[in-house]
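J.: So here's target_0.tsv (TSV, C-alpha atoms).
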chain	number	residue	atom	x	y	z
G	1	MET	CA	-4.77	-10.00	-2.49
G	2	PHE	CA	-4.18	-6.38	-3.32
G	3	SER	CA	-1.30	-4.76	-1.48
G	4	LEU	CA	0.92	-1.72	-1.64
G	5	LYS	CA	4.16	-2.65	0.08
G	6	GLY	CA	7.30	-0.57	0.36
G	7	ILE	CA	7.24	3.22	0.68
G	8	PRO	CA	3.76	4.32	1.81
G	9	VAL	CA	1.84	5.96	-1.03
G	10	LYS	CA	1.29	9.15	0.96
G	11	ILE	CA	5.01	9.63	1.60
G	12	LEU	CA	5.93	8.85	-2.00
G	13	ALA	CA	3.30	11.30	-3.27
G	14	ALA	CA	4.52	14.00	-0.87
G	15	VAL	CA	8.11	13.58	-2.09
G	16	LEU	CA	6.98	13.83	-5.73
G	17	ALA	CA	4.95	16.94	-4.93
G	18	VAL	CA	7.91	18.65	-3.25
G	19	VAL	CA	10.28	17.75	-6.09
G	20	SER	CA	7.81	18.97	-8.73
G	21	LEU	CA	7.16	22.24	-6.91
G	22	ALA	CA	10.87	22.86	-6.35
G	23	ALA	CA	11.66	22.19	-10.02
G	24	GLY	CA	8.78	24.40	-11.15
G	25	ILE	CA	9.78	27.29	-8.89
G	26	TYR	CA	13.42	27.06	-9.95
G	27	ILE	CA	12.68	26.95	-13.67
G	28	THR	CA	9.97	29.62	-13.58
G	29	PHE	CA	11.45	32.15	-11.17
G	30	PHE	CA	15.20	31.53	-10.97
G	31	GLN	CA	16.33	29.97	-14.22
G	32	SER	CA	14.53	32.74	-16.13
G	33	ALA	CA	15.60	35.61	-13.86
G	34	GLY	CA	16.99	38.42	-16.06
G	35	PHE	CA	16.30	36.52	-19.31
G	36	VAL	CA	14.88	38.40	-22.30
G	37	ARG	CA	12.08	37.24	-24.61
G	38	THR	CA	12.60	37.05	-28.34
G	39	GLU	CA	11.19	35.30	-31.38
G	40	ALA	CA	12.93	32.20	-32.69
G	41	VAL	CA	12.44	29.82	-35.61
G	42	ILE	CA	12.71	26.05	-35.27
G	43	VAL	CA	15.36	24.85	-37.71
G	44	ASP	CA	15.61	21.20	-36.69
G	45	VAL	CA	13.78	18.61	-34.59
G	46	GLN	CA	15.62	15.48	-33.46
G	47	ASP	CA	13.88	12.26	-32.46
G	48	VAL	CA	15.37	10.81	-29.28
G	49	SER	CA	14.42	7.21	-28.47
G	50	THR	CA	14.18	6.24	-24.80
G	51	ASP	CA	12.77	3.33	-22.81
G	52	ASP	CA	9.58	5.38	-22.32
G	53	GLY	CA	9.14	6.07	-26.04
G	54	THR	CA	10.24	8.81	-28.42
G	55	SER	CA	10.89	12.42	-27.38
G	56	TYR	CA	11.61	15.42	-29.58
G	57	ARG	CA	14.41	17.98	-29.16
G	58	PRO	CA	13.97	21.16	-31.26
G	59	THR	CA	16.88	23.39	-32.32
G	60	VAL	CA	15.98	27.06	-32.66
G	61	GLU	CA	17.59	30.01	-34.43
G	62	TYR	CA	17.23	33.57	-33.13
G	63	THR	CA	18.94	36.94	-33.52
G	64	VAL	CA	20.30	39.19	-30.77
G	65	GLU	CA	21.73	42.60	-31.73
G	66	GLY	CA	22.41	41.42	-35.28
G	67	VAL	CA	24.09	38.17	-34.24
G	68	THR	CA	22.37	34.87	-35.06
G	69	TYR	CA	22.45	32.11	-32.47
G	70	THR	CA	21.25	28.53	-32.43
G	71	GLY	CA	20.38	26.46	-29.39
G	72	GLU	CA	18.66	23.25	-28.42
G	73	LEU	CA	15.62	23.52	-26.17
G	74	ASP	CA	15.38	21.28	-23.15
G	75	THR	CA	11.89	19.96	-23.84
G	76	SER	CA	10.33	16.75	-25.10
G	77	SER	CA	7.13	18.19	-26.53
G	78	GLY	CA	6.01	16.78	-29.86
G	79	SER	CA	4.21	19.98	-30.87
G	80	TYR	CA	7.28	21.58	-32.46
G	81	ALA	CA	7.84	21.49	-36.23
G	82	VAL	CA	10.58	22.87	-38.49
G	83	GLY	CA	9.77	26.41	-39.62
G	84	LYS	CA	7.47	27.16	-36.68
G	85	LYS	CA	8.01	30.47	-34.90
G	86	ILE	CA	8.01	30.38	-31.10
G	87	THR	CA	8.92	32.65	-28.20
G	88	VAL	CA	12.09	31.81	-26.28
G	89	LEU	CA	14.08	33.34	-23.44
G	90	TYR	CA	17.80	34.06	-23.70
G	91	ASP	CA	20.44	35.28	-21.24
G	92	PRO	CA	21.51	38.82	-22.22
G	93	ASN	CA	24.91	38.19	-20.64
G	94	ASP	CA	25.32	35.02	-22.71
G	95	PRO	CA	22.82	35.00	-25.61
G	96	SER	CA	23.74	31.39	-26.46
G	97	ARG	CA	21.87	30.29	-23.33
G	98	VAL	CA	18.24	29.79	-24.30
G	99	HIS	CA	15.15	27.92	-23.11
G	100	ASP	CA	11.52	27.65	-24.13
G	101	GLY	CA	9.96	30.39	-22.04
G	102	GLY	CA	9.18	28.53	-18.86
G	103	PHE	CA	6.56	26.05	-20.11
G	104	LEU	CA	8.38	23.22	-18.37
G	105	GLY	CA	8.39	25.19	-15.13
G	106	VAL	CA	4.64	25.80	-15.32
G	107	TYR	CA	4.13	22.09	-16.01
G	108	PHE	CA	6.11	21.07	-12.91
G	109	LEU	CA	4.26	23.63	-10.79
G	110	GLY	CA	0.93	22.26	-11.99
G	111	VAL	CA	1.88	18.66	-11.27
G	112	GLY	CA	3.14	19.53	-7.79
G	113	ILE	CA	0.02	21.52	-6.92
G	114	VAL	CA	-2.30	18.72	-8.11
G	115	ILE	CA	-0.43	16.04	-6.12
G	116	LEU	CA	-0.40	18.25	-3.02
G	117	ALA	CA	-4.13	18.92	-3.37
G	118	VAL	CA	-4.83	15.18	-3.65
G	119	ILE	CA	-2.81	14.51	-0.46
G	120	ILE	CA	-4.68	17.21	1.47
G	121	VAL	CA	-8.12	16.09	0.28
G	122	THR	CA	-7.25	12.45	1.02
G	123	GLU	CA	-6.14	13.28	4.57
G	124	ILE	CA	-9.32	15.28	5.20
G	125	ARG	CA	-11.48	12.42	3.94
G	126	LYS	CA	-9.43	9.90	5.96
G	127	LYS	CA	-9.94	11.83	9.20
G	128	LYS	CA	-13.64	12.24	8.43
G	129	SER	CA	-14.09	8.52	7.72
G	130	LEU	CA	-12.14	7.56	10.84
G	131	GLY	CA	-14.26	9.91	12.92
G	132	GLU	CA	-17.45	8.39	11.54
G	133	VAL	CA	-16.22	4.83	12.21
G	134	ARG	CA	-15.19	5.63	15.78
G	135	ALA	CA	-18.47	7.44	16.44
G	136	HIS	CA	-20.42	4.40	15.24
G	137	GLN	CA	-18.28	2.08	17.34
G	138	ALA	CA	-18.77	4.28	20.42
G	139	GLU	CA	-22.55	4.12	19.97
G	140	THR	CA	-22.66	0.34	19.52
G	141	GLY	CA	-19.68	-0.79	21.60
G	142	GLY	CA	-18.30	-2.44	18.46
G	143	SER	CA	-14.71	-1.42	19.12
G	144	LEU	CA	-14.58	-3.56	22.28
G	145	TYR	CA	-13.86	-7.29	22.34
G	146	PRO	CA	-15.90	-9.50	24.68
G	147	GLU	CA	-14.08	-11.40	27.40
G	148	SER	CA	-12.91	-14.88	26.43
G	149	VAL	CA	-15.52	-17.51	27.24
G	150	PRO	CA	-14.10	-21.02	26.68
G	151	GLY	CA	-16.34	-23.57	25.03
G	152	PRO	CA	-15.84	-26.96	23.43
G	153	GLU	CA	-12.93	-27.20	21.01
G	154	SER	CA	-13.97	-26.78	17.39
G	155	ALA	CA	-12.28	-27.01	13.99
G	156	LEU	CA	-12.63	-23.83	11.96
G	157	TYR	CA	-11.15	-22.49	8.72
G	158	PHE	CA	-9.93	-19.01	7.78
G	159	LEU	CA	-10.16	-18.18	4.06
G	160	THR	CA	-9.23	-15.18	1.90
G	161	ASP	CA	-10.82	-14.12	-1.38
G	162	LEU	CA	-8.11	-14.12	-4.03
G	163	GLY	CA	-8.07	-12.77	-7.60
G	164	THR	CA	-9.80	-9.49	-6.73
G	165	THR	CA	-8.74	-6.09	-5.43
G	166	LYS	CA	-11.62	-6.24	-2.94
G	167	ALA	CA	-10.14	-9.11	-0.95
G	168	GLY	CA	-12.43	-10.23	1.85
G	169	HIS	CA	-11.82	-12.72	4.65
G	170	ARG	CA	-14.01	-15.18	6.54
G	171	ILE	CA	-14.07	-17.94	9.13
G	172	GLU	CA	-16.07	-21.05	8.22
G	173	ASP	CA	-16.99	-24.15	10.16
G	174	ALA	CA	-16.58	-27.72	8.90
G	175	ASN	CA	-19.91	-27.45	7.06
G	176	ARG	CA	-18.72	-24.29	5.24
G	177	ASN	CA	-21.09	-22.05	7.15
G	178	VAL	CA	-19.66	-18.53	7.41
G	179	LEU	CA	-19.38	-17.60	11.08
G	180	TYR	CA	-17.46	-14.33	10.86
G	181	GLU	CA	-16.31	-12.28	7.88
G	182	ALA	CA	-14.93	-8.95	6.68
G	183	LYS	CA	-16.47	-7.50	3.53
G	184	MET	CA	-14.90	-4.53	1.77
G	185	THR	CA	-17.27	-1.58	1.39
G	186	LYS	CA	-14.83	1.03	0.06
G	187	PHE	CA	-11.80	0.57	-2.20
G	188	THR	CA	-9.25	3.36	-2.58
G	189	LEU	CA	-5.60	3.67	-3.57
G	190	THR	CA	-4.79	6.62	-1.32
G	191	ALA	CA	-6.78	6.07	1.89
G	192	PRO	CA	-7.69	3.13	4.16
G	193	PHE	CA	-10.16	0.58	2.83
G	194	GLY	CA	-13.64	0.47	4.33
G	195	PHE	CA	-14.74	-2.91	5.71
G	196	ASP	CA	-17.78	-4.28	7.49
G	197	PHE	CA	-16.90	-6.93	10.08
G	198	ILE	CA	-19.92	-9.23	10.30
G	199	ASP	CA	-20.44	-11.59	13.26
G	200	HIS	CA	-23.06	-13.97	11.87
G	201	GLU	CA	-23.35	-15.93	15.11
G	202	HIS	CA	-24.34	-12.87	17.12
G	203	GLY	CA	-25.97	-10.82	14.33
G	204	LYS	CA	-23.58	-7.89	14.70
G	205	THR	CA	-21.95	-5.69	12.01
G	206	THR	CA	-19.15	-3.22	12.80
G	207	PRO	CA	-17.45	-0.82	10.31
G	208	HIS	CA	-13.64	-0.63	10.29
G	209	LEU	CA	-10.91	1.09	8.27
G	210	ILE	CA	-7.99	-1.10	7.15
G	211	GLY	CA	-4.87	0.59	5.79
G	212	HIS	CA	-2.72	-0.53	2.88
G	213	GLU	CA	-0.08	-3.15	3.65
G	214	GLU	CA	3.39	-1.75	4.20
G	215	ALA	CA	6.85	-3.31	4.44
G	216	THR	CA	9.83	-1.59	6.06
G	217	ASP	CA	13.41	-2.70	6.73
G	218	TRP	CA	14.17	-3.39	10.37
G	219	GLY	CA	17.64	-2.00	9.85
G	220	ASN	CA	19.92	-4.99	10.29
G	221	SER	CA	21.95	-7.18	7.97
G	222	LEU	CA	19.68	-10.22	7.92
G	223	LEU	CA	18.34	-10.95	4.47
G	224	LEU	CA	14.59	-10.44	4.13
G	225	ASP	CA	14.34	-9.12	7.68
G	226	ASN	CA	11.38	-6.84	7.10
G	227	HIS	CA	8.50	-5.52	9.16
G	228	PHE	CA	5.06	-6.06	7.62
G	229	THR	CA	2.09	-4.16	8.92
G	230	PHE	CA	-1.08	-2.19	8.23
G	231	THR	CA	-3.42	-0.07	10.32
G	232	LEU	CA	-6.79	-0.95	11.82
G	233	ASP	CA	-8.86	2.17	12.50
G	234	GLY	CA	-5.68	4.26	12.41
G	235	GLU	CA	-3.68	2.05	14.81
G	236	ASP	CA	-0.82	-0.27	13.88
G	237	ILE	CA	-2.33	-3.77	13.79
G	238	TRP	CA	0.41	-5.34	15.96
G	239	LYS	CA	0.06	-2.62	18.63
G	240	HIS	CA	-3.70	-3.11	18.47
G	241	LEU	CA	-3.36	-6.84	19.18
G	242	LYS	CA	-0.86	-6.28	22.00
G	243	ARG	CA	-3.17	-3.68	23.56
G	244	ASN	CA	-5.91	-6.30	23.61
G	245	GLY	CA	-3.74	-8.94	25.27
G	246	ILE	CA	-2.84	-11.00	22.19
G	247	THR	CA	0.53	-12.75	21.88
G	248	VAL	CA	1.39	-15.31	19.23
G	249	ASP	CA	4.09	-17.97	19.37
G	250	SER	CA	5.02	-18.86	15.77
G	251	ARG	CA	7.07	-21.82	14.60
G	252	LEU	CA	7.73	-23.69	11.40
G	253	THR	CA	6.29	-27.18	11.05
G	254	GLY	CA	6.56	-29.80	8.30
G	255	ALA	CA	5.76	-29.00	4.66
G	256	ALA	CA	6.92	-25.39	5.19
G	257	ARG	CA	3.79	-24.57	7.18
G	258	THR	CA	3.67	-22.05	10.00
G	259	GLU	CA	1.89	-22.82	13.27
G	260	TYR	CA	0.51	-19.96	15.35
G	261	ARG	CA	-0.28	-20.55	19.03
G	262	ILE	CA	-2.53	-17.61	19.91
G	263	CYS	CA	-2.85	-16.50	23.54
G	264	ARG	CA	-5.01	-13.83	25.14
G	265	ASN	CA	-3.74	-12.45	28.45
G	266	GLY	CA	-1.44	-15.47	28.73
G	267	GLN	CA	-4.13	-18.11	28.08
G	268	GLU	CA	-4.10	-20.09	24.84
G	269	ILE	CA	-7.29	-19.52	22.88
G	270	ALA	CA	-6.45	-21.08	19.50
G	271	VAL	CA	-3.89	-22.83	17.33
G	272	ALA	CA	-3.82	-21.96	13.62
G	273	VAL	CA	-1.74	-23.61	10.90
G	274	SER	CA	-1.11	-22.12	7.46
G	275	SER	CA	-2.84	-24.05	4.69
G	276	SER	CA	-3.33	-24.26	0.97
G	277	GLN	CA	-6.45	-22.86	-0.67
G	278	ASN	CA	-7.98	-26.32	-0.15
G	279	VAL	CA	-8.33	-25.44	3.49
G	280	HIS	CA	-11.13	-27.83	4.51
G	281	GLU	CA	-9.61	-31.02	5.85
G	282	GLU	CA	-12.47	-33.22	4.71
G	283	ASP	CA	-11.87	-32.38	1.05
G	284	GLU	CA	-10.12	-35.67	0.22
G	285	GLU	CA	-10.10	-34.99	-3.53
G	286	ALA	CA	-8.26	-31.71	-2.98
G	287	LYS	CA	-5.80	-33.43	-0.65
G	288	SER	CA	-4.67	-35.68	-3.48
G	289	LYS	CA	-3.58	-32.69	-5.54
G	290	LEU	CA	-0.05	-31.31	-5.34
G	291	SER	CA	-1.44	-27.77	-4.97
G	292	SER	CA	-3.11	-28.77	-1.71
G	293	LEU	CA	0.34	-29.24	-0.15
G	294	ILE	CA	1.53	-25.66	-0.82
G	295	PRO	CA	0.63	-23.09	1.87
G	296	VAL	CA	-0.95	-19.89	0.56
G	297	GLN	CA	-1.01	-16.58	2.41
G	298	GLY	CA	-4.40	-15.95	3.97
G	299	PHE	CA	-5.56	-19.56	4.55
G	300	TYR	CA	-5.45	-21.25	7.97
G	301	ARG	CA	-6.86	-24.29	9.76
G	302	ILE	CA	-7.88	-23.47	13.30
G	303	ARG	CA	-8.45	-25.33	16.56
G	304	THR	CA	-10.11	-23.09	19.13
G	305	THR	CA	-12.23	-23.07	22.26
G	306	GLU	CA	-13.36	-19.45	21.80
G	307	SER	CA	-17.10	-18.87	21.75
G	308	ASP	CA	-16.69	-15.29	20.42
G	309	LEU	CA	-14.54	-15.12	17.28
G	310	SER	CA	-14.05	-11.34	16.94
G	311	LEU	CA	-10.53	-11.00	18.40
G	312	LEU	CA	-9.37	-14.32	16.94
G	313	PHE	CA	-10.60	-13.14	13.53
G	314	VAL	CA	-8.65	-9.86	13.80
G	315	THR	CA	-5.51	-11.78	14.82
G	316	LEU	CA	-5.65	-14.05	11.77
G	317	LEU	CA	-6.56	-11.07	9.61
G	318	ALA	CA	-3.30	-9.45	10.70
G	319	PHE	CA	-1.24	-12.36	9.35
G	320	ALA	CA	-3.42	-12.88	6.27
G	321	ARG	CA	-3.20	-9.30	5.01
G	322	SER	CA	0.35	-8.41	6.07
G	323	GLY	CA	2.18	-11.62	5.17
G	324	ALA	CA	4.03	-11.51	8.50
G	325	THR	CA	4.89	-14.67	10.43
G	326	ASP	CA	5.17	-13.38	14.01
G	327	ASP	CA	3.27	-10.99	16.26
G	328	ARG	CA	5.79	-8.19	15.71
G	329	GLY	CA	5.17	-8.16	11.97
G	330	GLY	CA	8.47	-9.86	11.12
G	331	ASN	CA	9.30	-12.69	8.78
G	332	MET	CA	12.78	-13.83	9.90
G	333	LYS	CA	12.35	-14.04	13.68
G	334	THR	CA	10.09	-17.08	13.39
G	335	LEU	CA	12.59	-19.01	11.30
G	336	LEU	CA	15.51	-18.19	13.62
G	337	ASN	CA	13.55	-19.16	16.73
G	338	THR	CA	12.54	-22.43	15.12
G	339	ILE	CA	16.14	-23.27	14.24
G	340	ARG	CA	17.26	-22.50	17.82
G	341	ARG	CA	14.59	-24.85	19.23
G	342	GLN	CA	15.70	-27.76	17.02
In structure tokens, what does this structure look like?
T.:
Amino acid sequence: MFSLKGIPVKILAAVLAVVSLAAGIYITFFQSAGFVRTEAVIVDVQDVSTDDGTSYRPTVEYTVEGVTYTGELDTSSGSYAVGKKITVLYDPNDPSRVHDGGFLGVYFLGVGIVILAVIIVTEIRKKKSLGEVRAHQAETGGSLYPESVPGPESALYFLTDLGTTKAGHRIEDANRNVLYEAKMTKFTLTAPFGFDFIDHEHGKTTPHLIGHEEATDWGNSLLLDNHFTFTLDGEDIWKHLKRNGITVDSRLTGAARTEYRICRNGQEIAVAVSSSQNVHEEDEEAKSKLSSLIPVQGFYRIRTTESDLSLLFVTLLAFARSGATDDRGGNMKTLLNTIRRQ
């Protein structure tokens, strides 16, 4: 499954844009303030090896009021060669201070402007897409979940497509018939993914926007105590579930599996248990393999009485995409609660 966890891409890009713009403005307008242009000759070029490759540091020679100076330029461009004449800037109060005429400053300004433009365009497109999705949902009622209607208990299976950036999800019955699924319609690195949620039992398709997965520290000293989340149509997935009456009691079971008792408005509607990729219980050949014993994120065996799977599907989608183990998006709370119950 594709994920971008850690600092959200938008925030990271914004920080890079600000740093690039600040560096560009400083180099172009402040570092060069009062400097004088003159012609210089490159007398030496040193190769400097770094982890990112080889950079080149030219040494130039120039004359100010009959005095010859030499200085190393703070640049890594490979376009310089010994004997080449270039324009440099020097400090008239200290002619030994020299730089390459502000090319580096222009470069930083350009990078900052491009990143900032990408952020702005992305946000505009995101708001437009979200508006279109919400308008469609308002017309069809697709953003609303039907009331729970209990039926006979059934065994179902939640699966995730692995090995592709366009990871989809689906619920199957024991005969491997797909009952409900989410298919990606739009892949992007900087904006929410587009998905179609397809209810095959009721012949209904609803568009949704699913944000990139994020992980943030909850701010305490417990190791690995992180908060995992993503957005559904612009809303935090865990707030979305709470708003629709969903609570989940998580606990560890044998073989390092996690059991999720899912309730809606205080009434249990399903029990899901994490599984290996060999999720179907009747697959006896798969059961004999060691890999069938190892739980994999995004695969669950389900017991449910729900006749409409839409809200149950979104609940399992929350755990499958985020990697969380409780209904707050955490991954340590479940383990601690399980230990206290033992």
J.: Leu316 of chain G: which residues within 9 Å, counting all atoms listed in the file, same-chain residues fewer than 5 positions away excluded, as a ChimeraX atom specification?
T.: /G:158,272,298,300,311,321
J.: Please list as an NGL selection string every residue within 10 Å of Val18 of chain G, counting only C-alpha atoms and excluding residues in the same chain fewer than 4 positions away.
T.: :G and (13-14 or 22-24 or 109 or 112-113 or 115-116)
J.: How many Å lie between atom CA of Lys242 of chain G and atom CA of Glu214 of chain G, rounded to one decimal?
T.: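 Separation of atom CA of Lys242 of chain G and atom CA of Glu214 of chain G: 18.9 Å.
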J.: If you take all atoms listed in the file and a cut-off of 12 Å, which residues of segment 179-268 of chain G touch segment 323-326 of chain G, and what are their nearest atom pairs and distances in Å to one decimal, in chain and number order, as CSV?
T.:
residue,atom,partner,partner_atom,distance
G:Glu213,CA,G:Gly323,CA,8.9
G:Glu214,CA,G:Gly323,CA,10.0
G:Ala215,CA,G:Gly323,CA,9.6
G:Thr216,CA,G:Ala324,CA,11.7
G:Leu224,CA,G:Ala324,CA,11.5
G:Asp225,CA,G:Ala324,CA,10.6
G:Asn226,CA,G:Ala324,CA,8.8
G:His227,CA,G:Ala324,CA,7.5
G:Phe228,CA,G:Ala324,CA,5.6
G:Thr229,CA,G:Ala324,CA,7.6
G:Phe230,CA,G:Gly323,CA,10.4
G:Ile237,CA,G:Ala324,CA,11.3
G:Trp238,CA,G:Asp326,CA,9.5
G:Leu241,CA,G:Asp326,CA,11.9
G:Ile246,CA,G:Asp326,CA,11.7
G:Thr247,CA,G:Asp326,CA,9.2
G:Val248,CA,G:Asp326,CA,6.7
G:Asp249,CA,G:Asp326,CA,7.1
G:Ser250,CA,G:Asp326,CA,5.8
G:Arg251,CA,G:Thr325,CA,8.6
G:Leu252,CA,G:Thr325,CA,9.5
G:Arg257,CA,G:Thr325,CA,10.5
G:Thr258,CA,G:Thr325,CA,7.5
G:Glu259,CA,G:Thr325,CA,9.1
G:Tyr260,CA,G:Asp326,CA,8.2
G:Arg261,CA,G:Asp326,CA,10.3
G:Ile262,CA,G:Asp326,CA,10.6
J.: Using only C-alpha atoms, determine which residues lie at most 10 Å from segment 191-200 of chain G, disregarding the query and same-chain residues fewer than 4 positions distant; provide the list as number ranges by chain.
T.: G: 9-10, 119, 122-123, 125-127, 129-130, 133, 142, 166, 168-171, 177-187, 204-213, 230-234, 308-310, 313-314
J.: Could you save those same residues with C-alpha atoms as a compact mmCIF listing (two decimals), keeping the file's coordinate frame?
T.:
# COMPACT_ATOMS: atom_id res chain seq x y z
CA VAL G 9 1.84 5.96 -1.03
CA LYS G 10 1.29 9.15 0.96
CA ILE G 119 -2.81 14.51 -0.46
CA THR G 122 -7.25 12.45 1.02
CA GLU G 123 -6.14 13.28 4.57
CA ARG G 125 -11.48 12.42 3.94
CA LYS G 126 -9.43 9.90 5.96
CA LYS G 127 -9.94 11.83 9.20
CA SER G 129 -14.09 8.52 7.72
CA LEU G 130 -12.14 7.56 10.84
CA VAL G 133 -16.22 4.83 12.21
CA GLY G 142 -18.30 -2.44 18.46
CA LYS G 166 -11.62 -6.24 -2.94
CA GLY G 168 -12.43 -10.23 1.85
CA HIS G 169 -11.82 -12.72 4.65
CA ARG G 170 -14.01 -15.18 6.54
CA ILE G 171 -14.07 -17.94 9.13
CA ASN G 177 -21.09 -22.05 7.15
CA VAL G 178 -19.66 -18.53 7.41
CA LEU G 179 -19.38 -17.60 11.08
CA TYR G 180 -17.46 -14.33 10.86
CA GLU G 181 -16.31 -12.28 7.88
CA ALA G 182 -14.93 -8.95 6.68
CA LYS G 183 -16.47 -7.50 3.53
CA MET G 184 -14.90 -4.53 1.77
CA THR G 185 -17.27 -1.58 1.39
CA LYS G 186 -14.83 1.03 0.06
CA PHE G 187 -11.80 0.57 -2.20
CA LYS G 204 -23.58 -7.89 14.70
CA THR G 205 -21.95 -5.69 12.01
CA THR G 206 -19.15 -3.22 12.80
CA PRO G 207 -17.45 -0.82 10.31
CA HIS G 208 -13.64 -0.63 10.29
CA LEU G 209 -10.91 1.09 8.27
CA ILE G 210 -7.99 -1.10 7.15
CA GLY G 211 -4.87 0.59 5.79
CA HIS G 212 -2.72 -0.53 2.88
CA GLU G 213 -0.08 -3.15 3.65
CA PHE G 230 -1.08 -2.19 8.23
CA THR G 231 -3.42 -0.07 10.32
CA LEU G 232 -6.79 -0.95 11.82
CA ASP G 233 -8.86 2.17 12.50
CA GLY G 234 -5.68 4.26 12.41
CA ASP G 308 -16.69 -15.29 20.42
CA LEU G 309 -14.54 -15.12 17.28
CA SER G 310 -14.05 -11.34 16.94
CA PHE G 313 -10.60 -13.14 13.53
CA VAL G 314 -8.65 -9.86 13.80
J.: Need the shell around Ser20 of chain G: protein/DNA/RNA residues with any atom at most 9 Å away, counting all atoms listed in the file. Skip same-chain ones fewer than 5 positions apart. Format as a list in words?
T.: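 Residues meeting the cut-off are Val15, Ile25, Gly105, Tyr107, Phe108, Leu109, Gly110, Val111, Gly112 and Ile113 of chain G.
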J.: Hey, can you check how far atom CA of Glu61 of chain G sits from atom CA of Arg37 of chain G?
T.: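 Computed distance, atom CA of Glu61 of chain G to atom CA of Arg37 of chain G, equals 13.4 Å.
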J.: Taking all atoms listed in the file into account, name the residue in G:Val48, G:Ile269, G:Leu189, G:Leu89 that is nearest to Thr63 of chain G.
T.: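 With all atoms listed in the file as the atom set, the closest residue is G:Leu89.
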J.: Between atom CA of Asp327 of chain G and atom CA of Thr253 of chain G, what is the spacing in Å?
T.: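 So the two atoms, atom CA of Thr253 of chain G and atom CA of Asp327 of chain G, lie 17.3 Å apart.
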J.: For Arg328 of chain G, which residue among G:Gln46, G:Thr38, G:Thr28, G:Thr315 is the nearest when counting all atoms listed in the file?
T.: G:Thr315
J.: Mind completing segment 110-121 of chain G with N, CA and C atoms? Output as a JSON list (two decimals), keeping the file's coordinate frame, please?
T.:
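Result file selection16.json:
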[["chain", "number", "residue", "atom", "x", "y", "z"],
["G", 110, "GLY", "N", 2.27, 22.83, -11.93],
["G", 110, "GLY", "CA", 0.93, 22.26, -11.99],
["G", 110, "GLY", "C", 0.86, 20.87, -11.42],
["G", 111, "VAL", "N", 1.85, 20.04, -11.77],
["G", 111, "VAL", "CA", 1.88, 18.66, -11.27],
["G", 111, "VAL", "C", 2.03, 18.66, -9.75],
["G", 112, "GLY", "N", 2.93, 19.47, -9.24],
["G", 112, "GLY", "CA", 3.14, 19.53, -7.79],
["G", 112, "GLY", "C", 1.90, 19.98, -7.04],
["G", 113, "ILE", "N", 1.23, 21.00, -7.57],
["G", 113, "ILE", "CA", 0.02, 21.52, -6.92],
["G", 113, "ILE", "C", -1.08, 20.46, -6.91],
["G", 114, "VAL", "N", -1.26, 19.76, -8.03],
["G", 114, "VAL", "CA", -2.30, 18.72, -8.11],
["G", 114, "VAL", "C", -2.02, 17.61, -7.11],
["G", 115, "ILE", "N", -0.77, 17.12, -7.05],
["G", 115, "ILE", "CA", -0.43, 16.04, -6.12],
["G", 115, "ILE", "C", -0.66, 16.50, -4.68],
["G", 116, "LEU", "N", -0.23, 17.72, -4.37],
["G", 116, "LEU", "CA", -0.40, 18.25, -3.02],
["G", 116, "LEU", "C", -1.88, 18.36, -2.66],
["G", 117, "ALA", "N", -2.68, 18.80, -3.61],
["G", 117, "ALA", "CA", -4.13, 18.92, -3.37],
["G", 117, "ALA", "C", -4.75, 17.55, -3.10],
["G", 118, "VAL", "N", -4.31, 16.53, -3.86],
["G", 118, "VAL", "CA", -4.83, 15.18, -3.65],
["G", 118, "VAL", "C", -4.47, 14.67, -2.25],
["G", 119, "ILE", "N", -3.24, 14.94, -1.80],
["G", 119, "ILE", "CA", -2.81, 14.51, -0.46],
["G", 119, "ILE", "C", -3.67, 15.17, 0.61],
["G", 120, "ILE", "N", -3.90, 16.48, 0.47],
["G", 120, "ILE", "CA", -4.68, 17.21, 1.47],
["G", 120, "ILE", "C", -6.12, 16.71, 1.52],
["G", 121, "VAL", "N", -6.74, 16.56, 0.34],
["G", 121, "VAL", "CA", -8.12, 16.09, 0.28],
["G", 121, "VAL", "C", -8.23, 14.68, 0.85]]
